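What's in protein22.txt: compact mmCIF, N, CA and C atoms
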```txt
# COMPACT_ATOMS: atom_id res chain seq x y z
N MET A 18 -55.00 -26.14 41.01
CA MET A 18 -55.67 -25.73 39.81
C MET A 18 -54.85 -26.13 38.59
N PHE A 19 -53.65 -25.55 38.47
CA PHE A 19 -52.79 -25.93 37.36
C PHE A 19 -51.63 -26.72 37.92
N GLY A 20 -51.35 -27.84 37.35
CA GLY A 20 -50.22 -28.65 37.78
C GLY A 20 -49.09 -28.52 36.79
N LEU A 21 -47.91 -28.42 37.30
CA LEU A 21 -46.73 -28.31 36.46
C LEU A 21 -45.93 -29.58 36.61
N GLU A 22 -45.73 -30.25 35.52
CA GLU A 22 -44.94 -31.48 35.54
C GLU A 22 -43.77 -31.30 34.60
N ILE A 23 -42.59 -31.52 35.13
CA ILE A 23 -41.39 -31.38 34.32
C ILE A 23 -40.83 -32.76 34.07
N ARG A 24 -40.65 -33.08 32.83
CA ARG A 24 -40.04 -34.36 32.47
C ARG A 24 -38.80 -34.08 31.64
N PHE A 25 -37.72 -34.68 32.05
CA PHE A 25 -36.49 -34.54 31.29
C PHE A 25 -36.41 -35.64 30.26
N PRO A 26 -36.01 -35.30 29.05
CA PRO A 26 -35.84 -36.34 28.04
C PRO A 26 -34.76 -37.33 28.44
N ARG A 27 -34.81 -38.51 27.90
CA ARG A 27 -33.85 -39.55 28.24
C ARG A 27 -32.42 -39.17 27.88
N ILE A 28 -32.25 -38.20 26.98
CA ILE A 28 -30.88 -37.84 26.59
C ILE A 28 -30.12 -37.18 27.73
N PHE A 29 -30.81 -36.59 28.71
CA PHE A 29 -30.13 -35.95 29.82
C PHE A 29 -29.65 -36.96 30.85
N TRP A 30 -30.50 -37.89 31.23
CA TRP A 30 -30.10 -38.87 32.24
C TRP A 30 -30.97 -40.09 32.10
N SER A 31 -30.38 -41.20 31.92
CA SER A 31 -31.12 -42.44 31.70
C SER A 31 -31.54 -43.09 33.01
N GLY A 32 -31.03 -42.60 34.14
CA GLY A 32 -31.33 -43.21 35.42
C GLY A 32 -30.30 -44.24 35.84
N LYS A 33 -29.36 -44.56 34.96
CA LYS A 33 -28.32 -45.53 35.28
C LYS A 33 -27.02 -44.80 35.58
N GLU A 34 -26.31 -45.28 36.56
CA GLU A 34 -25.01 -44.71 36.90
C GLU A 34 -23.99 -45.20 35.88
N ARG A 35 -23.29 -44.28 35.23
CA ARG A 35 -22.34 -44.65 34.20
C ARG A 35 -20.92 -44.74 34.71
N ARG A 36 -20.64 -44.19 35.87
CA ARG A 36 -19.28 -44.19 36.38
C ARG A 36 -18.85 -45.59 36.77
N ARG A 37 -17.60 -45.92 36.42
CA ARG A 37 -17.07 -47.24 36.73
C ARG A 37 -16.24 -47.23 38.00
N ALA A 38 -15.95 -46.05 38.53
CA ALA A 38 -15.16 -45.93 39.75
C ALA A 38 -15.62 -44.69 40.51
N GLU A 39 -15.44 -44.73 41.82
CA GLU A 39 -15.82 -43.60 42.65
C GLU A 39 -14.87 -42.43 42.37
N ARG A 40 -15.45 -41.26 42.16
CA ARG A 40 -14.61 -40.09 41.88
C ARG A 40 -14.43 -39.26 43.14
N GLU A 41 -13.36 -38.51 43.17
CA GLU A 41 -13.04 -37.68 44.32
C GLU A 41 -12.85 -36.25 43.84
N ARG A 42 -13.53 -35.33 44.50
CA ARG A 42 -13.42 -33.93 44.13
C ARG A 42 -12.04 -33.40 44.50
N VAL A 43 -11.49 -32.55 43.64
CA VAL A 43 -10.13 -32.03 43.83
C VAL A 43 -10.21 -30.66 44.48
N PHE A 44 -9.68 -30.56 45.70
CA PHE A 44 -9.59 -29.28 46.39
C PHE A 44 -8.15 -28.77 46.40
N GLU A 45 -7.23 -29.65 46.10
CA GLU A 45 -5.81 -29.30 46.03
C GLU A 45 -5.45 -29.05 44.57
N ALA A 46 -4.22 -28.65 44.33
CA ALA A 46 -3.79 -28.36 42.96
C ALA A 46 -3.61 -29.65 42.16
N LEU A 47 -4.30 -29.73 41.03
CA LEU A 47 -4.10 -30.78 40.04
C LEU A 47 -4.17 -30.10 38.68
N TYR A 48 -3.02 -29.93 38.06
CA TYR A 48 -2.97 -29.23 36.79
C TYR A 48 -2.92 -30.24 35.65
N VAL A 49 -3.59 -29.90 34.56
CA VAL A 49 -3.70 -30.79 33.41
C VAL A 49 -3.19 -30.06 32.17
N ASP A 50 -2.19 -30.62 31.51
CA ASP A 50 -1.75 -30.15 30.21
C ASP A 50 -2.28 -31.14 29.19
N TYR A 51 -2.91 -30.63 28.13
CA TYR A 51 -3.49 -31.54 27.14
C TYR A 51 -3.03 -31.19 25.74
N ARG A 52 -3.03 -32.22 24.89
CA ARG A 52 -2.71 -32.04 23.48
C ARG A 52 -3.58 -32.98 22.67
N CYS A 53 -4.19 -32.43 21.64
CA CYS A 53 -5.06 -33.19 20.75
C CYS A 53 -4.47 -33.07 19.35
N ASP A 54 -4.32 -34.20 18.66
CA ASP A 54 -3.74 -34.17 17.32
C ASP A 54 -4.76 -33.82 16.24
N SER A 55 -5.99 -34.26 16.41
CA SER A 55 -7.01 -34.02 15.39
C SER A 55 -8.31 -33.60 16.06
N PRO A 56 -8.72 -32.36 16.02
CA PRO A 56 -8.05 -31.19 15.45
C PRO A 56 -6.86 -30.77 16.32
N PRO A 57 -5.89 -30.08 15.75
CA PRO A 57 -4.70 -29.71 16.53
C PRO A 57 -5.02 -28.65 17.59
N LEU A 58 -5.10 -29.08 18.82
CA LEU A 58 -5.37 -28.20 19.96
C LEU A 58 -4.42 -28.56 21.09
N SER A 59 -4.07 -27.58 21.88
CA SER A 59 -3.30 -27.84 23.10
C SER A 59 -3.59 -26.73 24.09
N GLY A 60 -3.36 -27.03 25.34
CA GLY A 60 -3.60 -26.04 26.39
C GLY A 60 -3.43 -26.66 27.75
N SER A 61 -3.92 -25.97 28.76
CA SER A 61 -3.84 -26.47 30.12
C SER A 61 -5.12 -26.15 30.86
N GLY A 62 -5.31 -26.83 31.98
CA GLY A 62 -6.51 -26.62 32.77
C GLY A 62 -6.29 -27.08 34.20
N GLU A 63 -7.37 -27.01 34.97
CA GLU A 63 -7.34 -27.41 36.37
C GLU A 63 -8.27 -28.58 36.59
N GLY A 64 -7.80 -29.59 37.33
CA GLY A 64 -8.62 -30.74 37.65
C GLY A 64 -9.75 -30.37 38.58
N LYS A 65 -10.94 -30.91 38.32
CA LYS A 65 -12.11 -30.68 39.17
C LYS A 65 -12.47 -31.92 39.97
N ASP A 66 -12.43 -33.09 39.34
CA ASP A 66 -12.55 -34.34 40.06
C ASP A 66 -11.82 -35.43 39.28
N VAL A 67 -11.45 -36.48 39.99
CA VAL A 67 -10.62 -37.52 39.40
C VAL A 67 -11.00 -38.87 40.01
N SER A 68 -10.85 -39.91 39.22
CA SER A 68 -11.04 -41.28 39.70
C SER A 68 -9.95 -42.13 39.08
N ALA A 69 -9.98 -43.42 39.35
CA ALA A 69 -8.99 -44.33 38.80
C ALA A 69 -9.15 -44.52 37.30
N VAL A 70 -10.31 -44.16 36.75
CA VAL A 70 -10.57 -44.41 35.33
C VAL A 70 -10.82 -43.14 34.51
N GLY A 71 -10.85 -41.97 35.15
CA GLY A 71 -11.12 -40.75 34.38
C GLY A 71 -10.90 -39.48 35.18
N ILE A 72 -11.09 -38.37 34.49
CA ILE A 72 -10.89 -37.05 35.09
C ILE A 72 -11.86 -36.05 34.47
N ARG A 73 -12.22 -35.04 35.25
CA ARG A 73 -12.96 -33.89 34.73
C ARG A 73 -12.12 -32.67 35.05
N PHE A 74 -11.88 -31.84 34.02
CA PHE A 74 -11.07 -30.64 34.24
C PHE A 74 -11.69 -29.45 33.52
N ALA A 75 -11.29 -28.25 33.93
CA ALA A 75 -11.77 -27.01 33.33
C ALA A 75 -10.67 -26.43 32.44
N CYS A 76 -11.06 -25.99 31.24
CA CYS A 76 -10.10 -25.40 30.32
C CYS A 76 -10.79 -24.32 29.49
N GLU A 77 -10.01 -23.58 28.71
CA GLU A 77 -10.52 -22.46 27.93
C GLU A 77 -11.12 -22.87 26.58
N GLN A 78 -10.73 -24.02 26.06
CA GLN A 78 -11.14 -24.44 24.72
C GLN A 78 -12.21 -25.53 24.78
N LYS A 79 -13.08 -25.52 23.78
CA LYS A 79 -14.04 -26.60 23.63
C LYS A 79 -13.35 -27.74 22.90
N LEU A 80 -13.38 -28.92 23.50
CA LEU A 80 -12.75 -30.09 22.90
C LEU A 80 -13.83 -31.00 22.32
N PRO A 81 -13.62 -31.52 21.11
CA PRO A 81 -14.64 -32.35 20.48
C PRO A 81 -14.82 -33.70 21.19
N LYS A 82 -16.07 -34.15 21.24
CA LYS A 82 -16.38 -35.43 21.86
C LYS A 82 -15.68 -36.55 21.09
N ASP A 83 -15.20 -37.54 21.81
CA ASP A 83 -14.47 -38.70 21.28
C ASP A 83 -13.08 -38.35 20.76
N ALA A 84 -12.59 -37.14 21.02
CA ALA A 84 -11.23 -36.78 20.60
C ALA A 84 -10.22 -37.52 21.46
N ALA A 85 -9.12 -37.94 20.84
CA ALA A 85 -8.04 -38.60 21.56
C ALA A 85 -7.08 -37.53 22.08
N LEU A 86 -6.80 -37.56 23.38
CA LEU A 86 -5.93 -36.57 24.01
C LEU A 86 -4.70 -37.23 24.61
N ARG A 87 -3.66 -36.46 24.71
CA ARG A 87 -2.51 -36.82 25.52
C ARG A 87 -2.53 -35.87 26.71
N LEU A 88 -2.62 -36.43 27.90
CA LEU A 88 -2.70 -35.62 29.12
C LEU A 88 -1.43 -35.76 29.93
N ARG A 89 -1.06 -34.68 30.54
CA ARG A 89 0.00 -34.69 31.55
C ARG A 89 -0.62 -34.16 32.82
N LEU A 90 -0.75 -35.02 33.81
CA LEU A 90 -1.33 -34.63 35.10
C LEU A 90 -0.20 -34.26 36.04
N ARG A 91 -0.25 -33.03 36.56
CA ARG A 91 0.77 -32.56 37.51
C ARG A 91 0.12 -32.46 38.88
N PHE A 92 0.61 -33.26 39.82
CA PHE A 92 -0.01 -33.41 41.13
C PHE A 92 0.50 -32.39 42.15
N THR A 93 -0.27 -32.24 43.22
CA THR A 93 0.13 -31.39 44.35
C THR A 93 1.46 -31.91 44.90
N PRO A 94 2.45 -31.04 45.07
CA PRO A 94 3.73 -31.49 45.61
C PRO A 94 3.55 -32.18 46.97
N GLY A 95 4.16 -33.34 47.11
CA GLY A 95 4.08 -34.09 48.37
C GLY A 95 2.89 -35.03 48.46
N SER A 96 2.00 -35.02 47.49
CA SER A 96 0.82 -35.89 47.57
C SER A 96 1.13 -37.32 47.15
N VAL A 97 1.93 -37.48 46.11
CA VAL A 97 2.32 -38.81 45.62
C VAL A 97 3.81 -38.77 45.27
N LYS A 98 4.39 -39.94 45.05
CA LYS A 98 5.83 -40.02 44.80
C LYS A 98 6.25 -39.35 43.49
N LYS A 99 5.44 -39.54 42.44
CA LYS A 99 5.77 -38.92 41.15
C LYS A 99 5.11 -37.55 41.07
N ASP A 100 5.81 -36.59 40.48
CA ASP A 100 5.25 -35.24 40.32
C ASP A 100 4.19 -35.19 39.24
N SER A 101 4.33 -36.05 38.21
CA SER A 101 3.39 -36.01 37.10
C SER A 101 3.36 -37.36 36.39
N VAL A 102 2.29 -37.57 35.63
CA VAL A 102 2.18 -38.75 34.76
C VAL A 102 1.66 -38.28 33.40
N GLU A 103 2.06 -38.99 32.37
CA GLU A 103 1.57 -38.71 31.03
C GLU A 103 0.76 -39.90 30.57
N ILE A 104 -0.48 -39.63 30.13
CA ILE A 104 -1.40 -40.70 29.77
C ILE A 104 -2.22 -40.30 28.54
N ARG A 105 -2.87 -41.28 27.97
CA ARG A 105 -3.81 -41.04 26.87
C ARG A 105 -5.22 -41.07 27.44
N ALA A 106 -6.09 -40.26 26.83
CA ALA A 106 -7.48 -40.19 27.29
C ALA A 106 -8.39 -39.92 26.11
N ARG A 107 -9.68 -40.17 26.31
CA ARG A 107 -10.70 -39.92 25.29
C ARG A 107 -11.74 -38.98 25.89
N VAL A 108 -12.11 -37.93 25.17
CA VAL A 108 -13.11 -36.97 25.63
C VAL A 108 -14.49 -37.64 25.61
N VAL A 109 -15.15 -37.66 26.76
CA VAL A 109 -16.48 -38.24 26.88
C VAL A 109 -17.54 -37.15 26.78
N ASP A 110 -17.24 -35.97 27.36
CA ASP A 110 -18.20 -34.87 27.37
C ASP A 110 -17.45 -33.56 27.49
N CYS A 111 -18.01 -32.51 26.91
CA CYS A 111 -17.45 -31.17 27.01
C CYS A 111 -18.61 -30.19 27.02
N TYR A 112 -18.71 -29.39 28.07
CA TYR A 112 -19.82 -28.46 28.21
C TYR A 112 -19.37 -27.21 28.94
N LYS A 113 -20.16 -26.17 28.82
CA LYS A 113 -19.87 -24.91 29.50
C LYS A 113 -21.03 -24.62 30.44
N LYS A 114 -20.72 -24.43 31.72
CA LYS A 114 -21.77 -24.09 32.69
C LYS A 114 -22.21 -22.65 32.49
N ILE A 115 -23.47 -22.40 32.74
CA ILE A 115 -23.99 -21.05 32.62
C ILE A 115 -23.30 -20.16 33.65
N GLY A 116 -22.80 -19.04 33.20
CA GLY A 116 -22.14 -18.11 34.10
C GLY A 116 -20.65 -18.36 34.28
N HIS A 117 -20.13 -19.45 33.72
CA HIS A 117 -18.70 -19.75 33.82
C HIS A 117 -18.06 -19.56 32.46
N GLY A 118 -16.86 -19.07 32.45
CA GLY A 118 -16.18 -18.81 31.19
C GLY A 118 -15.38 -19.98 30.67
N ARG A 119 -15.27 -21.06 31.45
CA ARG A 119 -14.43 -22.18 31.06
C ARG A 119 -15.26 -23.42 30.76
N TYR A 120 -14.75 -24.25 29.89
CA TYR A 120 -15.40 -25.51 29.56
C TYR A 120 -15.03 -26.58 30.59
N ARG A 121 -15.96 -27.48 30.85
CA ARG A 121 -15.70 -28.65 31.68
C ARG A 121 -15.55 -29.83 30.73
N VAL A 122 -14.42 -30.51 30.83
CA VAL A 122 -14.11 -31.63 29.94
C VAL A 122 -14.02 -32.90 30.77
N ALA A 123 -14.82 -33.91 30.41
CA ALA A 123 -14.77 -35.21 31.08
C ALA A 123 -14.06 -36.18 30.16
N CYS A 124 -13.10 -36.92 30.71
CA CYS A 124 -12.29 -37.84 29.91
C CYS A 124 -12.19 -39.20 30.59
N ASP A 125 -12.12 -40.24 29.78
CA ASP A 125 -11.79 -41.59 30.23
C ASP A 125 -10.34 -41.85 29.92
N PHE A 126 -9.62 -42.43 30.88
CA PHE A 126 -8.23 -42.79 30.62
C PHE A 126 -8.19 -43.99 29.69
N GLN A 127 -7.19 -44.03 28.83
CA GLN A 127 -7.01 -45.12 27.87
C GLN A 127 -5.64 -45.75 28.07
N GLU A 128 -5.57 -47.06 28.08
CA GLU A 128 -4.31 -47.80 28.10
C GLU A 128 -3.35 -47.32 29.19
N LEU A 129 -3.79 -47.32 30.43
CA LEU A 129 -2.94 -46.90 31.53
C LEU A 129 -1.88 -47.95 31.82
N ASP A 130 -0.63 -47.51 31.96
CA ASP A 130 0.39 -48.45 32.41
C ASP A 130 0.28 -48.58 33.93
N LEU A 131 0.92 -49.57 34.50
CA LEU A 131 0.77 -49.85 35.93
C LEU A 131 1.26 -48.72 36.82
N VAL A 132 2.36 -48.08 36.43
CA VAL A 132 2.90 -46.98 37.24
C VAL A 132 1.92 -45.81 37.27
N SER A 133 1.38 -45.43 36.11
CA SER A 133 0.41 -44.32 36.06
C SER A 133 -0.85 -44.66 36.82
N GLN A 134 -1.32 -45.89 36.66
CA GLN A 134 -2.53 -46.33 37.36
C GLN A 134 -2.32 -46.26 38.88
N TYR A 135 -1.19 -46.75 39.35
CA TYR A 135 -0.89 -46.71 40.78
C TYR A 135 -0.78 -45.27 41.28
N THR A 136 -0.13 -44.41 40.52
CA THR A 136 0.05 -43.01 40.92
C THR A 136 -1.30 -42.30 41.02
N ILE A 137 -2.18 -42.51 40.05
CA ILE A 137 -3.49 -41.86 40.08
C ILE A 137 -4.33 -42.38 41.24
N LYS A 138 -4.31 -43.71 41.45
CA LYS A 138 -5.06 -44.28 42.59
C LYS A 138 -4.52 -43.75 43.91
N SER A 139 -3.21 -43.61 44.01
CA SER A 139 -2.60 -43.06 45.23
C SER A 139 -3.04 -41.61 45.46
N PHE A 140 -3.12 -40.84 44.39
CA PHE A 140 -3.57 -39.44 44.52
C PHE A 140 -5.03 -39.38 44.97
N VAL A 141 -5.89 -40.25 44.42
CA VAL A 141 -7.29 -40.29 44.83
C VAL A 141 -7.40 -40.65 46.32
N GLU A 142 -6.63 -41.63 46.77
CA GLU A 142 -6.64 -42.00 48.19
C GLU A 142 -6.11 -40.87 49.06
N TRP A 143 -5.10 -40.14 48.58
CA TRP A 143 -4.58 -39.00 49.33
C TRP A 143 -5.65 -37.92 49.47
N LEU A 144 -6.42 -37.68 48.39
CA LEU A 144 -7.51 -36.69 48.45
C LEU A 144 -8.57 -37.11 49.47
N LYS A 145 -8.92 -38.40 49.48
CA LYS A 145 -9.91 -38.90 50.44
C LYS A 145 -9.43 -38.70 51.87
N ALA A 146 -8.15 -39.02 52.12
CA ALA A 146 -7.59 -38.87 53.46
C ALA A 146 -7.57 -37.41 53.88
N ARG A 147 -7.21 -36.51 52.97
CA ARG A 147 -7.20 -35.08 53.29
C ARG A 147 -8.59 -34.58 53.63
N ARG A 148 -9.58 -35.02 52.84
CA ARG A 148 -10.96 -34.58 53.08
C ARG A 148 -11.44 -35.10 54.43
N ALA A 149 -11.17 -36.36 54.74
CA ALA A 149 -11.60 -36.94 56.02
C ALA A 149 -10.92 -36.21 57.18
N LYS A 150 -9.64 -35.90 57.04
CA LYS A 150 -8.90 -35.20 58.09
C LYS A 150 -9.49 -33.80 58.31
N ASN A 151 -9.81 -33.09 57.23
CA ASN A 151 -10.38 -31.76 57.35
C ASN A 151 -11.76 -31.80 57.99
N LEU A 152 -12.59 -32.79 57.63
CA LEU A 152 -13.91 -32.91 58.23
C LEU A 152 -13.80 -33.20 59.72
N PHE A 153 -12.86 -34.09 60.10
CA PHE A 153 -12.67 -34.41 61.51
C PHE A 153 -12.20 -33.19 62.27
N PHE A 154 -11.26 -32.43 61.69
CA PHE A 154 -10.74 -31.25 62.35
C PHE A 154 -11.85 -30.22 62.56
N ARG A 155 -12.69 -30.01 61.55
CA ARG A 155 -13.81 -29.07 61.69
C ARG A 155 -14.78 -29.53 62.76
N TRP A 156 -15.03 -30.83 62.82
CA TRP A 156 -15.94 -31.38 63.82
C TRP A 156 -15.36 -31.18 65.22
N ARG A 157 -14.05 -31.42 65.38
CA ARG A 157 -13.39 -31.23 66.68
C ARG A 157 -13.45 -29.77 67.12
N MET A 158 -13.18 -28.86 66.18
CA MET A 158 -13.20 -27.44 66.51
C MET A 158 -14.61 -27.01 66.91
N LYS A 159 -15.61 -27.49 66.22
CA LYS A 159 -16.98 -27.15 66.55
C LYS A 159 -17.36 -27.69 67.91
N GLY A 160 -16.92 -28.91 68.23
CA GLY A 160 -17.21 -29.53 69.53
C GLY A 160 -16.53 -28.82 70.67
N GLU A 161 -15.33 -28.27 70.45
CA GLU A 161 -14.61 -27.57 71.50
C GLU A 161 -15.19 -26.20 71.79
N GLU A 162 -15.85 -25.60 70.79
CA GLU A 162 -16.46 -24.27 70.99
C GLU A 162 -17.67 -24.34 71.91
N GLU A 163 -18.36 -25.45 71.88
CA GLU A 163 -19.60 -25.56 72.68
C GLU A 163 -19.35 -25.75 74.14
```
Structure translated into structure tokens:
Amino acid sequence: MFGLEIRFPRIFWSGKERRRAERERVFEALYVDYRCDSPPLSGSGEGKDVSAVGIRFACEQKLPKDAALRLRLRFTPGSVKKDSVEIRARVVDCYKKIGHGRYRVACDFQELDLVSQYTIKSFVEWLKARRAKNLFFRWRMKGEEE
């Protein structure tokens, strides 16, 4: 009788994938310290997902879009050779999920040096290996129960 059709405006999703690299969800500790010069803001947050070209993290403050940040990524001990890297990034998006008290900030890395690039890629590969190992272990445990 009545049909309901929902159409999302193009501003929400154009249908094109914008990511330039595969991202990996962070289940281990990845802490982010950030500093913005204009406007003067600083704080810390937790990584939610990371790729070779960017990161999404949760923090308490709303950061302006296109703001230039200085990030210090502190990795899970034992995951990569360096404990942390300091890099520059640009805020691509900042939003607050309904029901969550923290903002989600998406950033693109800017001007990565080779050491930082290698360290971040190594951390992403470590996350993939951990996830695959956990999935295999769960599958083995489930198979042994039967």
Residues of stretch 51-134 of chain A within 7 Å of stretch 39-46 of chain A: nearest atom pair and distance (Å, one decimal) for each, counting all atoms listed in the file, sorted by chain and number, as a tab-separated table?
```
residue	atom	partner	partner_atom	distance
A:Gly64	C	A:Val43	CA	5.5
A:Lys65	C	A:Val43	N	3.9
A:Asp66	CA	A:Val43	N	4.1
A:Val67	C	A:Glu41	N	4.0
A:Ser68	CA	A:Arg40	CA	4.3
A:Ala69	N	A:Glu39	C	5.8
A:Arg91	C	A:Ala46	C	5.7
A:Phe92	C	A:Ala46	C	4.9
A:Thr93	N	A:Ala46	C	4.4
A:Pro94	N	A:Ala46	C	6.9
```
Selection: 6 Å around stretch 48-59 of chain A, only C-alpha atoms, excl. self and same-chain fewer than 4 positions, as a list in words: Glu63, Gly64, Leu86, Arg87, Leu88, Arg89, Leu90 and Arg91 of chain A
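In terms of minimum interatomic distance to A:Lys82, A:Asp125 ranks closest within A:Gly118, A:Leu131, A:Asp125, A:Ser61, counting only C-alpha atoms.
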Distance criterion (only N, CA and C atoms): nearest to A:Glu77 out of A:Trp143, A:Phe126, A:Tyr120, A:Tyr135: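 Going through A:Trp143, A:Phe126, A:Tyr120, A:Tyr135 one by one, the smallest distance to A:Glu77 is for A:Tyr120.
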